[in-house]
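Comments concern the structure below.
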Amino acid sequence: MSNAETGTITTRVPSRLDRLPWSRFHWRVVIGLGSVWILDGLEVTMVGNVAARLTEDGSGLDISAAQIGIAGAIYIVGACLGALFFGQLTDRLGRKKLFLWTLVLYLVATVATAFSFSPWFFFLCRFLTGAGIGGEYAAINSAIDELIPARVRGRVDLIINGSYWLGSAAGSALALVLLSTAFFPMDLGWRLAFGFGAVLGIAVLMVRRHVPESPRWLFIHGQEGEAERIVRGIEESIEEEKGTELPPAEDSLTIRQRTSIPFREIAAVAFRKYPKRSVLCLALFVGQAFLYNGITFNLGVLLSSFYGVGAALAPLFIIFWALSNFAGPVILGHFFDSVGRKPMITLAYLGSALVTLPLAWVFLSEAGGLTAFMILLVITFFLASSGASAAYLTVSEIFPMETRALAIAFFYAVGTAVGGIAGPLLFGTLIATGERAPVAIGFLVAAVVMSLGGVAELLFGVKAEGQKLEDLATPLTVQDADDAEAPGAEGDGAQADSAQGDGVNGDDTGGSSGPGPGRERT
């Protein structure tokens with residue numbers, strides 16, 4: 001892979017983006033990019049709700065209950081591999097190309113799923129759908145954080161990631177209608193369910209076409225002219241919308257541009273330069289994946305097996321539960337910017353772990369029945385949902401920009417592969433015993449795994465609220481520029497980066513600002 005350098009420049013693009021007031025442009029970013037989580041929630045929940053119908057005679061698809069489980073595992077494998085594959089392409093080829101390509105892949109695979117005629121074809125479609133969604137995670141989260149002002153980045157990111165549960169609620173509500181044989185034949189309703197996801201995806205694609213490439217990605221990869229054009233266009237639209245001129249941007253960043261950065265260099269950054277941050281992200285992702293996948297994939301079975309909730313009523317409980325999950329990031333999100341990342345993420349993980357203890361007792365003792373169980377379940381996931389969303393925010397913020405998408409992809413893939421597979425397997429096995437005691441133990445195990453994420457945040461959390469991305473993790477191209485200023489000496493950027501990269505308190509910063517050599521960009 002080429003590693004050509006194209007020159008050293010000083011740019012104010014990051015500061016110009018961070019000083020912008022909230023505007024219609026930012027709403028377009030949120031709607032166009034953030035809606036991927038709604039699609040994912042819709043997709044996962046829809047499959048869970050139509051699973052029983054697919055196994056029935058007359059569904060038009062000869063598939064067994066065991067094969068439905070295999071399809072779920074294949075979807076997760078596709079998401080993990082898609083995240084890794086498209087994640088490195090996102091860092092290499094740009095955010096916009098990939099958030100368009102991955103959405104198109106999702107659309108094609110979802111439409112194809114509606115026409116499934118045999119298990120092998122259904123498996124293939126689920127794998128490709130998962131690959132598209134996994135690729136979206138890397139491309140979307142990196143693009144959003146590079147376009148949203150630093151002062152509101154936390155709450156916006158949390159709400160966007162939490163919107164998964166709006167899709168989950170919508171998927172359950174649609175299932176109530178589409179699976180009713182009073183409205184649709186048995187072999188048609190489930191196909192329409194997948195078709196609805198494709199229709200929503202097409203609407204998102206129309207909005208997304210107008211979201212620009214990340215100017216931060218552009219100026220690092222030798223396209224500072226295009227970055228300047230995009231930022232100036234955003235500024236002019238906001239000045240026209242607000243009826244006033246924007247204040248000048250003050251801080252600048254000096255970088256040595258590179259048209260491409262070797263994969264080996266990107267992959268080495270996380271564990272060689274930021275080992276403590278890597279441990280933090282692994283703990284956060286494994287904890288939330290274990291709890292969420294373990295409960296989500298088994299909640300309907302748990303409600304029917306131990307509380308007698310019929311299949312027809314289960315979606316109503318899931319809708320209520322999903323909306324409480326969305327309420328967490330919406331209500332608590334702004335505290336991640338005001339109170340701070342570290343105390344709020346710790347609260348989300350340790351708080352949800354603590355509430356899981358009385359949840360396990362209520363389940364085991366049957367005290368309060370279904371009402372008490374659902375209340376404690378809602379409180380647990382009200383807290384946990386903010387923590388789960390914050391895991392994506394954390395990874396996106398605390399690694400250099402050149403590695404951002406790949407870092408998101410890597411920690412998502414590992415967390416999902418470890419916690420996302422172990423959780424469902426454990427809870428599924430324990431529920432199959434038909435005994436309350438083993439399932440209660442499963443809740444306690446989930447509490448321990450979540451608490452490890454909270455402890456990791458206490459030890460290695462980074463105070464990222466209100467900080468520019470470039471100050472949280474010095475871009476590799478800034479280090480190149482620093483090295484160029486002092487030939488034969490260890491680069492200042494590398495020293496600063498190492499000093500702040502793994503500080504236990506995480507409150508040092510190693511960004512490069514101020515004037516420097518090269519062409520000035522205002």
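Each chain in the structure tokens gets a letter, A, B, ..., in the order shown, and its residues are numbered from 1; ligands are numbered from 1 in order too.
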Could you pull the residues within 9 Å of A:Gly130, counting only C-alpha atoms, minus those fewer than 4 positions along the same chain, as a PDB file with C-alpha atoms, in the first residue's frame?
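Output contents, as saved in selection.pdb:
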ATOM      1  CA  ASP A  40     -30.468  -2.608  13.225  1.00  0.00           C
ATOM      2  CA  ILE A  74     -24.720 -16.230  11.147  1.00  0.00           C
ATOM      3  CA  TYR A  75     -26.086 -12.667  11.357  1.00  0.00           C
ATOM      4  CA  ILE A  76     -23.714 -11.914  14.259  1.00  0.00           C
ATOM      5  CA  VAL A  77     -20.749 -13.450  12.415  1.00  0.00           C
ATOM      6  CA  GLY A  78     -21.603 -11.341   9.371  1.00  0.00           C
ATOM      7  CA  ALA A  79     -21.803  -8.205  11.499  1.00  0.00           C
ATOM      8  CA  CYS A  80     -18.414  -8.883  13.114  1.00  0.00           C
ATOM      9  CA  LEU A  81     -16.656  -9.658   9.826  1.00  0.00           C
ATOM     10  CA  GLY A  82     -18.400  -6.781   8.069  1.00  0.00           C
ATOM     11  CA  TYR A 106     -27.980  -3.875   3.731  1.00  0.00           C
ATOM     12  CA  ALA A 109     -29.624  -8.285   1.364  1.00  0.00           C
ATOM     13  CA  CYS A 125     -29.052 -13.199   3.181  1.00  0.00           C
ATOM     14  CA  ARG A 126     -28.724 -12.942   6.971  1.00  0.00           C
ATOM     15  CA  GLY A 134     -21.512  -4.180  10.933  1.00  0.00           C
ATOM     16  CA  GLY A 135     -19.854  -2.007   8.306  1.00  0.00           C
TER      17      GLY A 135
END
Would you kindly return, as a PyMOL selection string, each protein, DNA or RNA residue with an atom no farther than 10 Å from any atom of A:Trp101, considering only C-alpha atoms and excluding same-chain residues fewer than 2 positions away?
-> chain A and resi 86+96-99+103-107+132+135-136+139
Let's have the selection written as a CSV table (one decimal), in the first residue's frame, with N, CA, C and O atoms.
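Wrote out03.csv, looks like this:
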chain,number,residue,atom,x,y,z
A,86,PHE,N,-15.1,-3.6,6.5
A,86,PHE,CA,-15.5,-2.2,6.1
A,86,PHE,C,-14.8,-1.2,6.9
A,86,PHE,O,-14.7,0.0,6.5
A,96,LYS,N,-17.7,8.7,3.7
A,96,LYS,CA,-18.9,8.8,2.9
A,96,LYS,C,-19.1,7.6,2.0
A,96,LYS,O,-20.2,7.0,1.8
A,97,LYS,N,-18.0,7.2,1.3
A,97,LYS,CA,-18.1,6.1,0.4
A,97,LYS,C,-18.6,4.8,1.1
A,97,LYS,O,-19.5,4.1,0.7
A,98,LEU,N,-18.1,4.6,2.3
A,98,LEU,CA,-18.5,3.4,3.1
A,98,LEU,C,-19.8,3.5,3.7
A,98,LEU,O,-20.5,2.5,3.7
A,99,PHE,N,-20.3,4.7,4.2
A,99,PHE,CA,-21.6,4.7,4.8
A,99,PHE,C,-22.7,4.7,3.7
A,99,PHE,O,-23.9,4.4,4.0
A,103,LEU,N,-24.8,0.7,3.4
A,103,LEU,CA,-26.3,0.8,3.4
A,103,LEU,C,-26.9,0.1,2.2
A,103,LEU,O,-27.9,-0.6,2.3
A,104,VAL,N,-26.2,0.3,1.0
A,104,VAL,CA,-26.7,-0.4,-0.2
A,104,VAL,C,-26.7,-1.9,0.0
A,104,VAL,O,-27.6,-2.7,-0.4
A,105,LEU,N,-25.6,-2.4,0.6
A,105,LEU,CA,-25.5,-3.8,0.9
A,105,LEU,C,-26.6,-4.3,1.8
A,105,LEU,O,-27.2,-5.3,1.5
A,106,TYR,N,-26.9,-3.5,2.8
A,106,TYR,CA,-28.0,-3.9,3.7
A,106,TYR,C,-29.3,-3.9,3.0
A,106,TYR,O,-30.1,-4.9,3.1
A,107,LEU,N,-29.6,-3.0,2.1
A,107,LEU,CA,-30.8,-2.9,1.4
A,107,LEU,C,-31.0,-4.1,0.5
A,107,LEU,O,-32.0,-4.7,0.4
A,132,GLY,N,-23.5,-5.8,6.2
A,132,GLY,CA,-23.8,-4.4,6.0
A,132,GLY,C,-24.0,-3.6,7.2
A,132,GLY,O,-23.5,-2.4,7.3
A,135,GLY,N,-20.6,-3.1,9.0
A,135,GLY,CA,-19.9,-2.0,8.3
A,135,GLY,C,-20.4,-0.6,8.6
A,135,GLY,O,-19.6,0.3,8.7
A,136,GLU,N,-21.7,-0.5,8.8
A,136,GLU,CA,-22.3,0.8,9.1
A,136,GLU,C,-21.8,1.3,10.4
A,136,GLU,O,-21.5,2.5,10.6
A,139,ALA,N,-18.4,3.0,9.9
A,139,ALA,CA,-18.4,4.2,9.1
A,139,ALA,C,-19.2,5.3,9.7
A,139,ALA,O,-18.9,6.5,9.7
Mind the document's chain letters and residue numbers, and return as a PyMOL selection string the residues of stretch 93-286 of chain A that DSSP labels strand (DSSP E).
-> chain A and resi 253-258
Test item: residues at most 12 Å from A:Phe411, only C-alpha atoms, excluding those fewer than 5 positions along its chain, as a CSV table (one decimal) with all heavy atoms, in the first residue's frame:
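around.csv written:
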chain,number,residue,atom,x,y,z
A,80,CYS,N,-19.8,-9.0,12.6
A,80,CYS,CA,-18.4,-8.9,13.1
A,80,CYS,C,-17.4,-8.8,11.9
A,80,CYS,O,-16.5,-7.9,11.9
A,80,CYS,CB,-18.1,-10.1,14.0
A,80,CYS,SG,-19.0,-10.1,15.6
A,81,LEU,N,-17.6,-9.7,11.0
A,81,LEU,CA,-16.7,-9.7,9.8
A,81,LEU,C,-16.9,-8.4,9.0
A,81,LEU,O,-15.9,-7.8,8.5
A,81,LEU,CB,-16.9,-10.9,9.0
A,81,LEU,CG,-16.5,-12.2,9.7
A,81,LEU,CD1,-16.7,-13.4,8.7
A,81,LEU,CD2,-15.0,-12.2,10.1
A,83,ALA,N,-17.9,-5.5,10.0
A,83,ALA,CA,-17.3,-4.4,10.8
A,83,ALA,C,-15.8,-4.3,10.5
A,83,ALA,O,-15.2,-3.2,10.3
A,83,ALA,CB,-17.6,-4.5,12.3
A,84,LEU,N,-15.1,-5.4,10.6
A,84,LEU,CA,-13.7,-5.5,10.4
A,84,LEU,C,-13.3,-5.1,9.0
A,84,LEU,O,-12.3,-4.3,8.7
A,84,LEU,CB,-13.1,-6.8,10.8
A,84,LEU,CG,-13.2,-7.2,12.3
A,84,LEU,CD1,-12.8,-8.6,12.5
A,84,LEU,CD2,-12.3,-6.2,13.1
A,87,GLY,N,-14.5,-1.6,8.2
A,87,GLY,CA,-13.9,-0.6,9.1
A,87,GLY,C,-12.5,-0.1,8.6
A,87,GLY,O,-12.2,1.1,8.5
A,134,GLY,N,-22.8,-4.3,10.3
A,134,GLY,CA,-21.5,-4.2,10.9
A,134,GLY,C,-20.6,-3.1,10.3
A,134,GLY,O,-20.0,-2.3,11.0
A,137,TYR,N,-21.7,0.4,11.4
A,137,TYR,CA,-21.2,0.8,12.8
A,137,TYR,C,-19.9,1.6,12.7
A,137,TYR,O,-19.7,2.7,13.3
A,137,TYR,CB,-21.0,-0.4,13.7
A,137,TYR,CG,-22.2,-1.1,14.1
A,137,TYR,CD1,-22.2,-2.4,14.6
A,137,TYR,CD2,-23.5,-0.5,14.0
A,137,TYR,CE1,-23.3,-3.0,15.1
A,137,TYR,CE2,-24.6,-1.1,14.4
A,137,TYR,CZ,-24.5,-2.4,14.9
A,137,TYR,OH,-25.7,-3.1,15.3
A,138,ALA,N,-18.9,1.1,11.9
A,138,ALA,CA,-17.6,1.7,11.8
A,138,ALA,C,-17.7,3.0,11.1
A,138,ALA,O,-17.2,4.1,11.5
A,138,ALA,CB,-16.6,0.8,11.2
A,270,ALA,N,-3.5,0.7,18.6
A,270,ALA,CA,-4.3,0.5,19.8
A,270,ALA,C,-3.6,-0.2,20.9
A,270,ALA,O,-3.6,0.3,22.1
A,270,ALA,CB,-5.6,-0.3,19.4
A,271,PHE,N,-2.9,-1.3,20.6
A,271,PHE,CA,-2.4,-2.1,21.7
A,271,PHE,C,-0.9,-1.8,22.0
A,271,PHE,O,-0.5,-2.1,23.1
A,271,PHE,CB,-2.5,-3.6,21.3
A,271,PHE,CG,-3.9,-4.1,21.3
A,271,PHE,CD1,-4.6,-4.3,20.2
A,271,PHE,CD2,-4.5,-4.4,22.6
A,271,PHE,CE1,-5.9,-4.7,20.2
A,271,PHE,CE2,-5.8,-4.8,22.6
A,271,PHE,CZ,-6.5,-5.0,21.4
A,277,ARG,N,-6.2,2.0,27.3
A,277,ARG,CA,-7.5,2.4,26.6
A,277,ARG,C,-8.1,1.1,25.9
A,277,ARG,O,-9.3,1.0,25.8
A,277,ARG,CB,-7.2,3.5,25.6
A,277,ARG,CG,-6.8,4.8,26.2
A,277,ARG,CD,-6.7,5.9,25.2
A,277,ARG,NE,-6.4,7.2,25.8
A,277,ARG,CZ,-6.5,8.4,25.3
A,277,ARG,NH1,-6.9,8.5,24.0
A,277,ARG,NH2,-6.2,9.5,25.9
A,278,SER,N,-7.2,0.3,25.4
A,278,SER,CA,-7.7,-0.9,24.7
A,278,SER,C,-8.4,-1.9,25.7
A,278,SER,O,-9.5,-2.4,25.4
A,278,SER,CB,-6.6,-1.7,24.0
A,278,SER,OG,-6.0,-0.8,23.0
A,279,VAL,N,-7.8,-2.0,26.9
A,279,VAL,CA,-8.4,-2.8,27.9
A,279,VAL,C,-9.8,-2.2,28.3
A,279,VAL,O,-10.8,-2.9,28.5
A,279,VAL,CB,-7.5,-2.9,29.2
A,279,VAL,CG1,-8.3,-3.5,30.4
A,279,VAL,CG2,-6.3,-3.7,28.9
A,280,LEU,N,-9.8,-0.9,28.5
A,280,LEU,CA,-11.1,-0.2,28.8
A,280,LEU,C,-12.2,-0.5,27.8
A,280,LEU,O,-13.3,-0.9,28.1
A,280,LEU,CB,-10.9,1.3,28.8
A,280,LEU,CG,-12.1,2.2,28.9
A,280,LEU,CD1,-12.9,2.0,30.1
A,280,LEU,CD2,-11.7,3.7,28.7
A,281,CYS,N,-11.8,-0.4,26.5
A,281,CYS,CA,-12.9,-0.6,25.4
A,281,CYS,C,-13.3,-2.0,25.4
A,281,CYS,O,-14.5,-2.3,25.1
A,281,CYS,CB,-12.3,-0.1,24.1
A,281,CYS,SG,-12.0,1.7,24.0
A,282,LEU,N,-12.4,-3.0,25.6
A,282,LEU,CA,-12.8,-4.4,25.6
A,282,LEU,C,-13.7,-4.7,26.7
A,282,LEU,O,-14.7,-5.4,26.5
A,282,LEU,CB,-11.5,-5.3,25.7
A,282,LEU,CG,-10.7,-5.5,24.4
A,282,LEU,CD1,-9.4,-6.2,24.7
A,282,LEU,CD2,-11.5,-6.2,23.4
A,283,ALA,N,-13.4,-4.1,27.9
A,283,ALA,CA,-14.3,-4.4,29.0
A,283,ALA,C,-15.7,-3.8,28.8
A,283,ALA,O,-16.7,-4.4,29.2
A,283,ALA,CB,-13.7,-3.8,30.3
A,284,LEU,N,-15.8,-2.6,28.2
A,284,LEU,CA,-17.1,-1.9,28.0
A,284,LEU,C,-17.9,-2.7,27.0
A,284,LEU,O,-19.1,-3.0,27.2
A,284,LEU,CB,-16.9,-0.5,27.5
A,284,LEU,CG,-16.2,0.5,28.5
A,284,LEU,CD1,-16.1,1.9,27.9
A,284,LEU,CD2,-17.1,0.6,29.8
A,285,PHE,N,-17.2,-3.1,25.9
A,285,PHE,CA,-18.0,-3.8,24.8
A,285,PHE,C,-18.4,-5.2,25.2
A,285,PHE,O,-19.5,-5.7,24.9
A,285,PHE,CB,-17.1,-3.9,23.5
A,285,PHE,CG,-17.4,-2.7,22.6
A,285,PHE,CD1,-16.7,-1.5,22.7
A,285,PHE,CD2,-18.5,-2.8,21.7
A,285,PHE,CE1,-17.0,-0.5,21.9
A,285,PHE,CE2,-18.8,-1.8,20.8
A,285,PHE,CZ,-18.0,-0.6,20.9
A,286,VAL,N,-17.5,-6.0,25.9
A,286,VAL,CA,-17.9,-7.3,26.3
A,286,VAL,C,-19.0,-7.3,27.3
A,286,VAL,O,-19.9,-8.1,27.3
A,286,VAL,CB,-16.6,-8.1,26.9
A,286,VAL,CG1,-17.1,-9.4,27.5
A,286,VAL,CG2,-15.6,-8.3,25.8
A,287,GLY,N,-18.9,-6.3,28.3
A,287,GLY,CA,-20.0,-6.2,29.3
A,287,GLY,C,-21.3,-6.0,28.7
A,287,GLY,O,-22.3,-6.7,29.0
A,288,GLN,N,-21.4,-4.9,27.9
A,288,GLN,CA,-22.8,-4.6,27.3
A,288,GLN,C,-23.3,-5.7,26.4
A,288,GLN,O,-24.4,-6.0,26.3
A,288,GLN,CB,-22.7,-3.2,26.7
A,288,GLN,CG,-21.8,-3.0,25.5
A,288,GLN,CD,-22.4,-3.4,24.2
A,288,GLN,OE1,-23.7,-3.4,24.1
A,288,GLN,NE2,-21.6,-3.7,23.2
A,289,ALA,N,-22.3,-6.3,25.6
A,289,ALA,CA,-22.8,-7.3,24.6
A,289,ALA,C,-23.3,-8.6,25.4
A,289,ALA,O,-24.3,-9.2,24.9
A,289,ALA,CB,-21.6,-7.7,23.7
A,391,ALA,N,-20.2,3.0,25.1
A,391,ALA,CA,-19.0,2.2,24.7
A,391,ALA,C,-18.6,2.6,23.3
A,391,ALA,O,-17.4,2.7,23.0
A,391,ALA,CB,-19.4,0.7,24.7
A,392,TYR,N,-19.6,2.8,22.4
A,392,TYR,CA,-19.2,3.2,21.0
A,392,TYR,C,-18.7,4.6,21.0
A,392,TYR,O,-17.7,4.9,20.3
A,392,TYR,CB,-20.5,3.2,20.1
A,392,TYR,CG,-21.0,1.8,19.9
A,392,TYR,CD1,-21.9,1.2,20.7
A,392,TYR,CD2,-20.6,1.1,18.8
A,392,TYR,CE1,-22.4,-0.1,20.5
A,392,TYR,CE2,-21.0,-0.2,18.5
A,392,TYR,CZ,-21.9,-0.8,19.4
A,392,TYR,OH,-22.4,-2.1,19.2
A,393,LEU,N,-19.2,5.5,21.8
A,393,LEU,CA,-18.7,6.9,21.9
A,393,LEU,C,-17.2,6.9,22.4
A,393,LEU,O,-16.4,7.6,21.9
A,393,LEU,CB,-19.6,7.7,22.9
A,393,LEU,CG,-19.1,9.0,23.4
A,393,LEU,CD1,-19.0,10.0,22.2
A,393,LEU,CD2,-19.9,9.6,24.5
A,394,THR,N,-17.0,6.0,23.4
A,394,THR,CA,-15.6,6.0,24.0
A,394,THR,C,-14.6,5.6,22.9
A,394,THR,O,-13.5,6.2,22.8
A,394,THR,CB,-15.6,5.0,25.2
A,394,THR,OG1,-16.5,5.5,26.2
A,394,THR,CG2,-14.2,4.9,25.7
A,395,VAL,N,-14.8,4.5,22.2
A,395,VAL,CA,-13.9,4.0,21.2
A,395,VAL,C,-13.7,5.1,20.1
A,395,VAL,O,-12.6,5.3,19.7
A,395,VAL,CB,-14.4,2.7,20.6
A,395,VAL,CG1,-13.4,2.3,19.5
A,395,VAL,CG2,-14.4,1.6,21.6
A,396,SER,N,-14.8,5.7,19.7
A,396,SER,CA,-14.7,6.7,18.7
A,396,SER,C,-13.9,7.9,19.1
A,396,SER,O,-13.2,8.6,18.2
A,396,SER,CB,-16.1,7.1,18.2
A,396,SER,OG,-16.1,8.0,17.2
A,399,PHE,N,-9.1,7.2,20.2
A,399,PHE,CA,-8.0,6.7,19.4
A,399,PHE,C,-7.8,7.7,18.2
A,399,PHE,O,-8.7,8.5,17.9
A,399,PHE,CB,-8.4,5.3,18.8
A,399,PHE,CG,-8.4,4.3,19.9
A,399,PHE,CD1,-9.6,3.8,20.5
A,399,PHE,CD2,-7.2,3.7,20.3
A,399,PHE,CE1,-9.5,2.8,21.4
A,399,PHE,CE2,-7.2,2.7,21.3
A,399,PHE,CZ,-8.3,2.3,21.9
A,404,ARG,N,-9.7,5.5,13.7
A,404,ARG,CA,-11.0,5.6,14.4
A,404,ARG,C,-12.0,4.5,13.9
A,404,ARG,O,-12.6,3.8,14.8
A,404,ARG,CB,-11.6,7.0,14.2
A,404,ARG,CG,-13.0,7.1,15.0
A,404,ARG,CD,-13.3,8.6,15.1
A,404,ARG,NE,-12.4,9.3,15.9
A,404,ARG,CZ,-11.7,10.4,15.5
A,404,ARG,NH1,-11.9,10.9,14.3
A,404,ARG,NH2,-10.9,10.9,16.4
A,405,ALA,N,-12.3,4.4,12.7
A,405,ALA,CA,-13.2,3.4,12.2
A,405,ALA,C,-12.8,2.0,12.4
A,405,ALA,O,-13.6,1.2,12.8
A,405,ALA,CB,-13.5,3.6,10.7
A,406,LEU,N,-11.5,1.7,12.3
A,406,LEU,CA,-11.0,0.4,12.5
A,406,LEU,C,-11.1,0.0,14.0
A,406,LEU,O,-11.4,-1.1,14.4
A,406,LEU,CB,-9.6,0.2,12.0
A,406,LEU,CG,-9.0,-1.2,12.1
A,406,LEU,CD1,-9.9,-2.2,11.3
A,406,LEU,CD2,-7.6,-1.2,11.6
A,416,THR,N,-18.7,-8.3,20.6
A,416,THR,CA,-19.8,-9.1,20.1
A,416,THR,C,-19.5,-10.6,20.0
A,416,THR,O,-20.3,-11.5,20.4
A,416,THR,CB,-20.3,-8.6,18.8
A,416,THR,OG1,-20.7,-7.2,18.9
A,416,THR,CG2,-21.6,-9.4,18.3
A,417,ALA,N,-18.3,-10.9,19.6
A,417,ALA,CA,-17.9,-12.3,19.4
A,417,ALA,C,-17.8,-13.0,20.8
A,417,ALA,O,-18.2,-14.1,21.0
A,417,ALA,CB,-16.6,-12.4,18.7
A,418,VAL,N,-17.3,-12.2,21.8
A,418,VAL,CA,-17.2,-12.8,23.1
A,418,VAL,C,-18.4,-12.7,23.9
A,418,VAL,O,-19.1,-13.7,24.3
A,418,VAL,CB,-16.0,-12.1,23.9
A,418,VAL,CG1,-15.9,-12.7,25.3
A,418,VAL,CG2,-14.7,-12.3,23.2
A,419,GLY,N,-18.9,-11.5,24.3
A,419,GLY,CA,-20.1,-11.3,25.1
A,419,GLY,C,-21.3,-11.6,24.3
A,419,GLY,O,-22.3,-12.2,24.9
If you count only C-alpha atoms, which residues fall within 7 Å of stretch 453-464 of chain A, apart from same-chain ones fewer than 2 positions away, as a list in words?
-> Lys276, Arg277, Leu280, Ala283, Leu284, Gly287, Gly340, Arg341, Lys342, Ile345, Thr346, Tyr349, Leu350, Val449, Met450, Ser451, Gly466, Gln467, Leu472, Val504, Asn505, Gly506 and Asp507 of chain A
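The protein and nucleic acid residues lying at most 12 Å from A:Phe123 are Leu61, Ile63, Gln67, Ile68, Gly69, Ile70, Ala71, Gly72, Ala73, Ile74, Tyr75, Ile76, Val77, Gly78, Ala109, Thr110, Ala112, Thr113, Ser116, Phe117, Ser118, Leu128, Thr129 and Gly130 of chain A, with only C-alpha atoms considered and sequence neighbours fewer than 5 positions away removed.
For stretch 238-241 of chain A, the non-local neighbours within 8 Å, defined as residues at least 4 positions apart in the same chain or in other chains and counting only C-alpha atoms, are Pro21, Ser23, Arg24, Phe25, Ile234, Glu245 and Leu246 of chain A.
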Keeping C-alpha atoms for every residue in the selection just given, could you write it to a file as an mmCIF file, in the first residue's frame?
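File written: part-v4.cif
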data_model
loop_
_atom_site.group_PDB
_atom_site.id
_atom_site.type_symbol
_atom_site.label_atom_id
_atom_site.label_comp_id
_atom_site.auth_asym_id
_atom_site.auth_seq_id
_atom_site.Cartn_x
_atom_site.Cartn_y
_atom_site.Cartn_z
ATOM 1 C CA PRO A 21 -23.896 26.334 16.624
ATOM 2 C CA SER A 23 -28.212 23.872 12.930
ATOM 3 C CA ARG A 24 -30.208 22.152 10.219
ATOM 4 C CA PHE A 25 -26.937 20.702 8.933
ATOM 5 C CA ILE A 234 -21.484 24.483 6.046
ATOM 6 C CA GLU A 245 -21.611 35.841 11.180
ATOM 7 C CA LEU A 246 -19.760 33.053 12.944
#
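For the pair atom CA of A:Ala227 and atom CA of A:Pro475, the interatomic distance is 16.7 Å.
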